[in-house]
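> My structure file protein33.json, JSON, C-alpha atoms, is below:
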```json
[["chain", "number", "residue", "atom", "x", "y", "z"],
["A", 1, "MET", "CA", 0.00, 0.00, 0.00],
["A", 2, "LYS", "CA", 2.84, 2.37, 0.86],
["A", 3, "ALA", "CA", 4.52, 1.62, -2.48],
["A", 4, "PHE", "CA", 1.24, 2.32, -4.29],
["A", 5, "ARG", "CA", 0.85, 5.67, -2.53],
["A", 6, "GLN", "CA", 4.43, 6.59, -3.37],
["A", 7, "THR", "CA", 3.88, 5.69, -7.03],
["A", 8, "MET", "CA", 0.67, 7.68, -7.18],
["A", 9, "SER", "CA", 2.40, 10.67, -5.59],
["A", 10, "TRP", "CA", 4.40, 11.20, -8.77],
["A", 11, "VAL", "CA", 2.07, 9.59, -11.34],
["A", 12, "ILE", "CA", -0.89, 11.86, -10.53],
["A", 13, "PRO", "CA", 1.03, 15.16, -10.98],
["A", 14, "ILE", "CA", 2.38, 13.90, -14.31],
["A", 15, "VAL", "CA", -1.12, 12.96, -15.50],
["A", 16, "ILE", "CA", -2.52, 16.31, -14.38],
["A", 17, "GLY", "CA", 0.34, 18.14, -16.13],
["A", 18, "LEU", "CA", -0.30, 16.24, -19.36],
["A", 19, "LEU", "CA", -4.01, 17.00, -19.20],
["A", 20, "ILE", "CA", -3.33, 20.71, -18.66],
["A", 21, "ALA", "CA", -0.89, 20.73, -21.60],
["A", 22, "LEU", "CA", -3.47, 19.02, -23.83],
["A", 23, "LEU", "CA", -6.17, 21.50, -22.82],
["A", 24, "ILE", "CA", -3.86, 24.45, -23.51],
["A", 25, "LYS", "CA", -2.99, 23.06, -26.95],
["A", 26, "GLN", "CA", -6.62, 22.35, -27.77],
["A", 27, "PHE", "CA", -8.19, 25.59, -26.57],
["A", 28, "LEU", "CA", -5.57, 28.31, -25.96],
["A", 29, "PHE", "CA", -2.38, 28.13, -28.02],
["A", 30, "GLN", "CA", 0.16, 25.85, -29.60],
["A", 31, "ILE", "CA", 3.60, 26.17, -31.16],
["A", 32, "VAL", "CA", 3.63, 25.82, -34.96],
["A", 33, "ARG", "CA", 6.57, 25.36, -37.30],
["A", 34, "VAL", "CA", 6.53, 27.37, -40.53],
["A", 35, "ASP", "CA", 7.13, 25.02, -43.45],
["A", 36, "GLY", "CA", 8.45, 26.49, -46.70],
["A", 37, "PRO", "CA", 9.17, 29.97, -48.09],
["A", 38, "SER", "CA", 5.62, 31.18, -48.81],
["A", 39, "MET", "CA", 5.61, 33.76, -45.99],
["A", 40, "LEU", "CA", 9.02, 35.29, -46.67],
["A", 41, "PRO", "CA", 10.35, 37.81, -45.81],
["A", 42, "ASN", "CA", 8.28, 37.92, -42.63],
["A", 43, "LEU", "CA", 8.34, 34.26, -41.58],
["A", 44, "GLN", "CA", 11.28, 31.98, -42.29],
["A", 45, "ASN", "CA", 11.21, 28.30, -43.18],
["A", 46, "ASN", "CA", 11.31, 26.23, -39.94],
["A", 47, "GLU", "CA", 10.63, 29.29, -37.76],
["A", 48, "ARG", "CA", 8.52, 28.44, -34.72],
["A", 49, "VAL", "CA", 5.64, 30.73, -33.83],
["A", 50, "PHE", "CA", 2.62, 30.76, -31.53],
["A", 51, "CYS", "CA", -0.86, 29.97, -32.81],
["A", 52, "LEU", "CA", -3.43, 31.68, -30.56],
["A", 53, "LYS", "CA", -6.70, 29.74, -30.68],
["A", 54, "THR", "CA", -8.97, 32.45, -29.28],
["A", 55, "ALA", "CA", -7.56, 35.50, -31.11],
["A", 56, "LYS", "CA", -9.95, 37.43, -33.34],
["A", 57, "ILE", "CA", -9.34, 37.07, -37.09],
["A", 58, "HIS", "CA", -8.96, 40.39, -38.91],
["A", 59, "ARG", "CA", -8.17, 41.35, -42.46],
["A", 60, "GLY", "CA", -4.37, 41.20, -42.51],
["A", 61, "SER", "CA", -4.09, 38.61, -39.73],
["A", 62, "VAL", "CA", -1.68, 35.75, -40.33],
["A", 63, "ILE", "CA", -3.45, 32.47, -39.61],
["A", 64, "VAL", "CA", -2.76, 28.74, -39.29],
["A", 65, "PHE", "CA", -5.27, 26.38, -40.89],
["A", 66, "ASP", "CA", -5.60, 22.73, -41.86],
["A", 67, "ALA", "CA", -5.22, 22.53, -45.65],
["A", 68, "ASN", "CA", -6.79, 19.07, -45.83],
["A", 69, "GLY", "CA", -10.12, 19.65, -47.56],
["A", 70, "VAL", "CA", -9.03, 23.14, -48.68],
["A", 71, "ASP", "CA", -6.13, 22.45, -51.03],
["A", 72, "PRO", "CA", -7.10, 19.48, -53.26],
["A", 73, "GLN", "CA", -3.47, 18.32, -53.32],
["A", 74, "VAL", "CA", -3.48, 17.71, -49.56],
["A", 75, "ALA", "CA", -4.86, 14.41, -48.25],
["A", 76, "THR", "CA", -3.81, 14.48, -44.58],
["A", 77, "LYS", "CA", -3.83, 17.14, -41.87],
["A", 78, "THR", "CA", -1.28, 19.75, -42.98],
["A", 79, "ASP", "CA", -0.80, 23.17, -41.41],
["A", 80, "TYR", "CA", -0.63, 26.13, -43.81],
["A", 81, "VAL", "CA", 0.36, 29.62, -42.66],
["A", 82, "LYS", "CA", -1.07, 32.47, -44.78],
["A", 83, "ARG", "CA", -2.31, 36.07, -44.47],
["A", 84, "VAL", "CA", -6.02, 36.90, -44.50],
["A", 85, "ILE", "CA", -6.81, 39.30, -47.33],
["A", 86, "GLY", "CA", -10.60, 39.05, -47.50],
["A", 87, "VAL", "CA", -13.25, 38.22, -44.90],
["A", 88, "PRO", "CA", -16.82, 37.02, -45.55],
["A", 89, "GLY", "CA", -18.64, 39.30, -48.01],
["A", 90, "ASP", "CA", -15.51, 41.01, -49.39],
["A", 91, "THR", "CA", -14.67, 41.46, -53.05],
["A", 92, "VAL", "CA", -10.96, 41.13, -53.84],
["A", 93, "ARG", "CA", -9.00, 42.03, -56.97],
["A", 94, "SER", "CA", -5.37, 42.59, -57.87],
["A", 95, "ASP", "CA", -4.10, 45.16, -60.35],
["A", 96, "ASN", "CA", -0.37, 45.56, -61.06],
["A", 97, "GLY", "CA", 0.57, 44.29, -57.60],
["A", 98, "ASN", "CA", -1.97, 46.48, -55.81],
["A", 99, "ILE", "CA", -4.78, 44.64, -54.03],
["A", 100, "TYR", "CA", -8.24, 46.16, -53.66],
["A", 101, "VAL", "CA", -10.80, 44.90, -51.18],
["A", 102, "ASN", "CA", -14.32, 46.20, -51.70],
["A", 103, "GLY", "CA", -12.82, 48.64, -54.19],
["A", 104, "ARG", "CA", -10.42, 50.11, -51.63],
["A", 105, "LYS", "CA", -6.64, 49.73, -51.89],
["A", 106, "ILE", "CA", -5.03, 47.86, -49.01],
["A", 107, "ASN", "CA", -1.69, 48.50, -47.34],
["A", 108, "GLN", "CA", 1.01, 45.97, -48.29],
["A", 109, "ASN", "CA", 3.95, 47.54, -46.46],
["A", 110, "TYR", "CA", 4.87, 44.09, -45.15],
["A", 111, "ILE", "CA", 6.36, 43.30, -48.60],
["A", 112, "ASN", "CA", 8.23, 45.61, -50.96],
["A", 113, "LYS", "CA", 7.09, 46.87, -54.36],
["A", 114, "THR", "CA", 9.10, 44.28, -56.30],
["A", 115, "GLN", "CA", 7.65, 41.46, -54.21],
["A", 116, "ARG", "CA", 4.15, 42.77, -54.86],
["A", 117, "THR", "CA", 4.46, 43.34, -58.59],
["A", 118, "SER", "CA", 6.54, 40.27, -59.50],
["A", 119, "GLY", "CA", 4.29, 37.66, -57.99],
["A", 120, "THR", "CA", 0.80, 38.87, -57.20],
["A", 121, "GLY", "CA", -0.64, 39.05, -60.73],
["A", 122, "ASP", "CA", -3.75, 40.74, -62.12],
["A", 123, "TRP", "CA", -7.03, 39.04, -61.24],
["A", 124, "THR", "CA", -10.43, 39.11, -59.58],
["A", 125, "LEU", "CA", -11.90, 36.35, -57.43],
["A", 126, "ARG", "CA", -14.03, 35.29, -60.37],
["A", 127, "SER", "CA", -11.14, 35.19, -62.85],
["A", 128, "VAL", "CA", -8.82, 33.11, -60.63],
["A", 129, "SER", "CA", -11.64, 30.77, -59.61],
["A", 130, "VAL", "CA", -12.41, 29.98, -63.25],
["A", 131, "GLN", "CA", -8.78, 29.96, -64.40],
["A", 132, "ASN", "CA", -7.69, 27.55, -61.66],
["A", 133, "ASN", "CA", -10.89, 25.48, -61.69],
["A", 134, "TRP", "CA", -11.64, 25.76, -57.99],
["A", 135, "LEU", "CA", -13.50, 22.66, -56.82],
["A", 136, "ARG", "CA", -15.65, 24.83, -54.56],
["A", 137, "ASN", "CA", -17.01, 28.31, -55.31],
["A", 138, "SER", "CA", -15.94, 28.45, -58.97],
["A", 139, "GLY", "CA", -17.18, 31.75, -60.38],
["A", 140, "ALA", "CA", -17.41, 33.39, -56.93],
["A", 141, "THR", "CA", -17.32, 37.18, -56.89],
["A", 142, "ARG", "CA", -17.28, 37.58, -53.09],
["A", 143, "VAL", "CA", -15.77, 35.72, -50.15],
["A", 144, "PRO", "CA", -18.56, 33.37, -48.96],
["A", 145, "LYS", "CA", -20.12, 33.49, -45.52],
["A", 146, "GLY", "CA", -17.98, 31.73, -42.93],
["A", 147, "GLU", "CA", -14.89, 31.65, -45.16],
["A", 148, "TYR", "CA", -11.70, 33.67, -45.75],
["A", 149, "PHE", "CA", -9.46, 34.50, -48.71],
["A", 150, "VAL", "CA", -5.73, 34.17, -47.98],
["A", 151, "LEU", "CA", -2.41, 34.84, -49.70],
["A", 152, "GLY", "CA", 1.20, 34.12, -48.83],
["A", 153, "ASP", "CA", 3.52, 37.11, -48.45],
["A", 154, "HIS", "CA", 6.01, 35.61, -50.95],
["A", 155, "ARG", "CA", 3.50, 35.76, -53.80],
["A", 156, "SER", "CA", 5.70, 34.34, -56.57],
["A", 157, "VAL", "CA", 6.09, 30.98, -54.78],
["A", 158, "SER", "CA", 3.02, 30.82, -52.53],
["A", 159, "ASN", "CA", 0.41, 28.12, -53.03],
["A", 160, "ASP", "CA", -2.57, 30.06, -51.70],
["A", 161, "GLY", "CA", -6.19, 31.08, -52.23],
["A", 162, "ARG", "CA", -5.57, 32.12, -55.82],
["A", 163, "TYR", "CA", -5.17, 28.47, -56.74],
["A", 164, "TRP", "CA", -7.68, 26.60, -54.55],
["A", 165, "GLY", "CA", -10.15, 29.12, -53.16],
["A", 166, "PHE", "CA", -11.39, 30.01, -49.69],
["A", 167, "VAL", "CA", -10.62, 28.76, -46.18],
["A", 168, "PRO", "CA", -13.64, 27.78, -44.06],
["A", 169, "LYS", "CA", -13.51, 29.14, -40.52],
["A", 170, "SER", "CA", -13.88, 25.58, -39.23],
["A", 171, "LYS", "CA", -10.45, 24.79, -40.71],
["A", 172, "ILE", "CA", -8.67, 27.68, -38.98],
["A", 173, "ASP", "CA", -6.64, 26.74, -35.90],
["A", 174, "GLY", "CA", -5.79, 30.28, -34.83],
["A", 175, "VAL", "CA", -3.86, 33.49, -35.38],
["A", 176, "VAL", "CA", -0.05, 33.57, -35.60],
["A", 177, "LYS", "CA", 1.97, 35.62, -33.14],
["A", 178, "VAL", "CA", 5.75, 35.82, -33.38],
["A", 179, "PRO", "CA", 7.54, 35.71, -30.00],
["A", 180, "SER", "CA", 10.10, 38.33, -29.06],
["A", 181, "TRP", "CA", 13.07, 35.96, -29.42],
["A", 182, "THR", "CA", 12.63, 35.25, -33.12],
["A", 183, "GLY", "CA", 12.64, 37.36, -36.28],
["A", 184, "THR", "CA", 13.34, 41.10, -36.24],
["A", 185, "ALA", "CA", 11.34, 44.01, -34.86],
["A", 186, "THR", "CA", 10.07, 44.70, -38.39],
["A", 187, "THR", "CA", 9.06, 41.14, -39.23],
["A", 188, "ARG", "CA", 7.43, 40.68, -35.83],
["A", 189, "TYR", "CA", 5.42, 43.85, -36.41],
["A", 190, "ASN", "CA", 4.49, 42.72, -39.93],
["A", 191, "VAL", "CA", 2.94, 39.56, -38.51],
["A", 192, "ASN", "CA", 1.71, 40.63, -35.07],
["A", 193, "GLN", "CA", 0.43, 44.14, -35.73],
["A", 194, "GLU", "CA", 0.20, 44.82, -39.47],
["A", 195, "TRP", "CA", -3.54, 44.10, -39.54],
["A", 196, "LYS", "CA", -4.07, 47.33, -37.58],
["A", 197, "HIS", "CA", -2.93, 49.24, -40.66],
["A", 198, "TYR", "CA", -4.73, 47.18, -43.28],
["A", 199, "TRP", "CA", -6.01, 50.00, -45.46],
["A", 200, "ALA", "CA", -3.69, 52.13, -47.59],
["A", 201, "ASN", "CA", -3.77, 55.86, -46.86]]
```
If you took the structure in this file and wrote it as structure tokens, what would it be?


Amino acid sequence: MKAFRQTMSWVIPIVIGLLIALLIKQFLFQIVRVDGPSMLPNLQNNERVFCLKTAKIHRGSVIVFDANGVDPQVATKTDYVKRVIGVPGDTVRSDNGNIYVNGRKINQNYINKTQRTSGTGDWTLRSVSVQNNWLRNSGATRVPKGEYFVLGDHRSVSNDGRYWGFVPKSKIDGVVKVPSWTGTATTRYNVNQEWKHYWAN
């Protein structure tokens, strides 16, 4: 009996700790590894960031979502990290590297002019949906209810909403926040705070 009590004295705290960790990961935040160059220059390949589960999603927020069921090329749970450009009801178009949401030009200070013009392209939601034969929402002119339109910051290499469409809210794990010990002050701001300055002046 004494041996059992001694065993339980260290087993129970371990079990409780594991349960707390699981609850935090499920409902509050988790650490996510960025895979690939699609969010350069603001997020590096293999960089580890926080995914906040309860954070509000804004235009300009960087989010983590499960691409399985979103990108037709993905067949298992795979985390994608992209930037929200359009929220439900928005129209989105691109003209010479400038992006317009509901007819209003947005701020893209998080990437430079060359990065915008060399990879973003000229399109509307309808034109890219038809051109890339989206399996869902082909011919859409607005972001559907309960869904989001996303792009990578490194537009010339990013596999994003232009090619497969919208991200349902149910697929979104949370909003990315870069901790103080990684990146630079500029790149941290471009991920953590840029959404506050979404519209161009």

> To one decimal in Å, tell me the separation between CA of Ile63 (chain A) and CA of Asp79 (chain A).

9.8 Å

> Tell me which protein, DNA and RNA residues are within 12 Å of Pro41 (chain A), counting all atoms listed in the file, leaving out same-chain ones fewer than 3 positions away, and put them as JSON, numbers by chain.

{"A": [36, 37, 38, 44, 45, 47, 109, 110, 111, 112, 115, 152, 153, 154, 155, 183, 184, 186, 187, 188, 190, 191]}

> Compile a residue-level contact table for region 40-79 of chain A against region 87-105 of chain A at a cut-off of 9 Å, reporting for every qualifying residue the shortest atom pair and its distance in Å to one decimal, with only C-alpha atoms counted, rows ordered by chain and ascending number, as a tab-separated table.


```
residue	atom	partner	partner_atom	distance
A:Ile57	CA	A:Val87	CA	8.8
A:His58	CA	A:Val87	CA	7.7
A:Arg59	CA	A:Val87	CA	6.4
```

> How many Å lie between CA of Pro168 (chain A) and CA of Gly69 (chain A), rounded to one decimal?

9.5 Å

> For Val176 (chain A), work out the shell of residues within 6 Å, counting only C-alpha atoms and skipping chain neighbours fewer than 2 positions away, then give it as a ChimeraX atom specification.

/A:50-51,62-63

> My list of candidates is A:Arg116, A:Lys171, A:Arg83, A:Arg162. Which is closest to Asn192 (chain A) when distances are computed with all atoms listed in the file?

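Under the stated criterion, the closest residue is A:Arg83.
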
> Any idea what the distance is between CA of Gly119 (chain A) and CA of Thr141 (chain A)?

21.6 Å

> Around (-10.6, 42.1, -34.2), as given in the file, which residues come within 12 Å? Count all atoms listed in the file and list them as a PDB file with C-alpha atoms, in the coordinates of the input.


```pdb
ATOM      1  CA  THR A  54      -8.970  32.450 -29.280  1.00  0.00           C
ATOM      2  CA  ALA A  55      -7.560  35.500 -31.110  1.00  0.00           C
ATOM      3  CA  LYS A  56      -9.950  37.430 -33.340  1.00  0.00           C
ATOM      4  CA  ILE A  57      -9.340  37.070 -37.090  1.00  0.00           C
ATOM      5  CA  HIS A  58      -8.960  40.390 -38.910  1.00  0.00           C
ATOM      6  CA  ARG A  59      -8.170  41.350 -42.460  1.00  0.00           C
ATOM      7  CA  GLY A  60      -4.370  41.200 -42.510  1.00  0.00           C
ATOM      8  CA  SER A  61      -4.090  38.610 -39.730  1.00  0.00           C
ATOM      9  CA  VAL A  87     -13.250  38.220 -44.900  1.00  0.00           C
ATOM     10  CA  VAL A 175      -3.860  33.490 -35.380  1.00  0.00           C
ATOM     11  CA  GLN A 193       0.430  44.140 -35.730  1.00  0.00           C
ATOM     12  CA  TRP A 195      -3.540  44.100 -39.540  1.00  0.00           C
ATOM     13  CA  LYS A 196      -4.070  47.330 -37.580  1.00  0.00           C
ATOM     14  CA  TYR A 198      -4.730  47.180 -43.280  1.00  0.00           C
TER      15      TYR A 198
END
```

> Which of these residues is nearest to Val32 (chain A), using all atoms listed in the file: A:Val178, A:Leu135, A:Ala140, A:Ala67?

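Among the listed residues, the smallest separation from Val32 (chain A) belongs to A:Val178.
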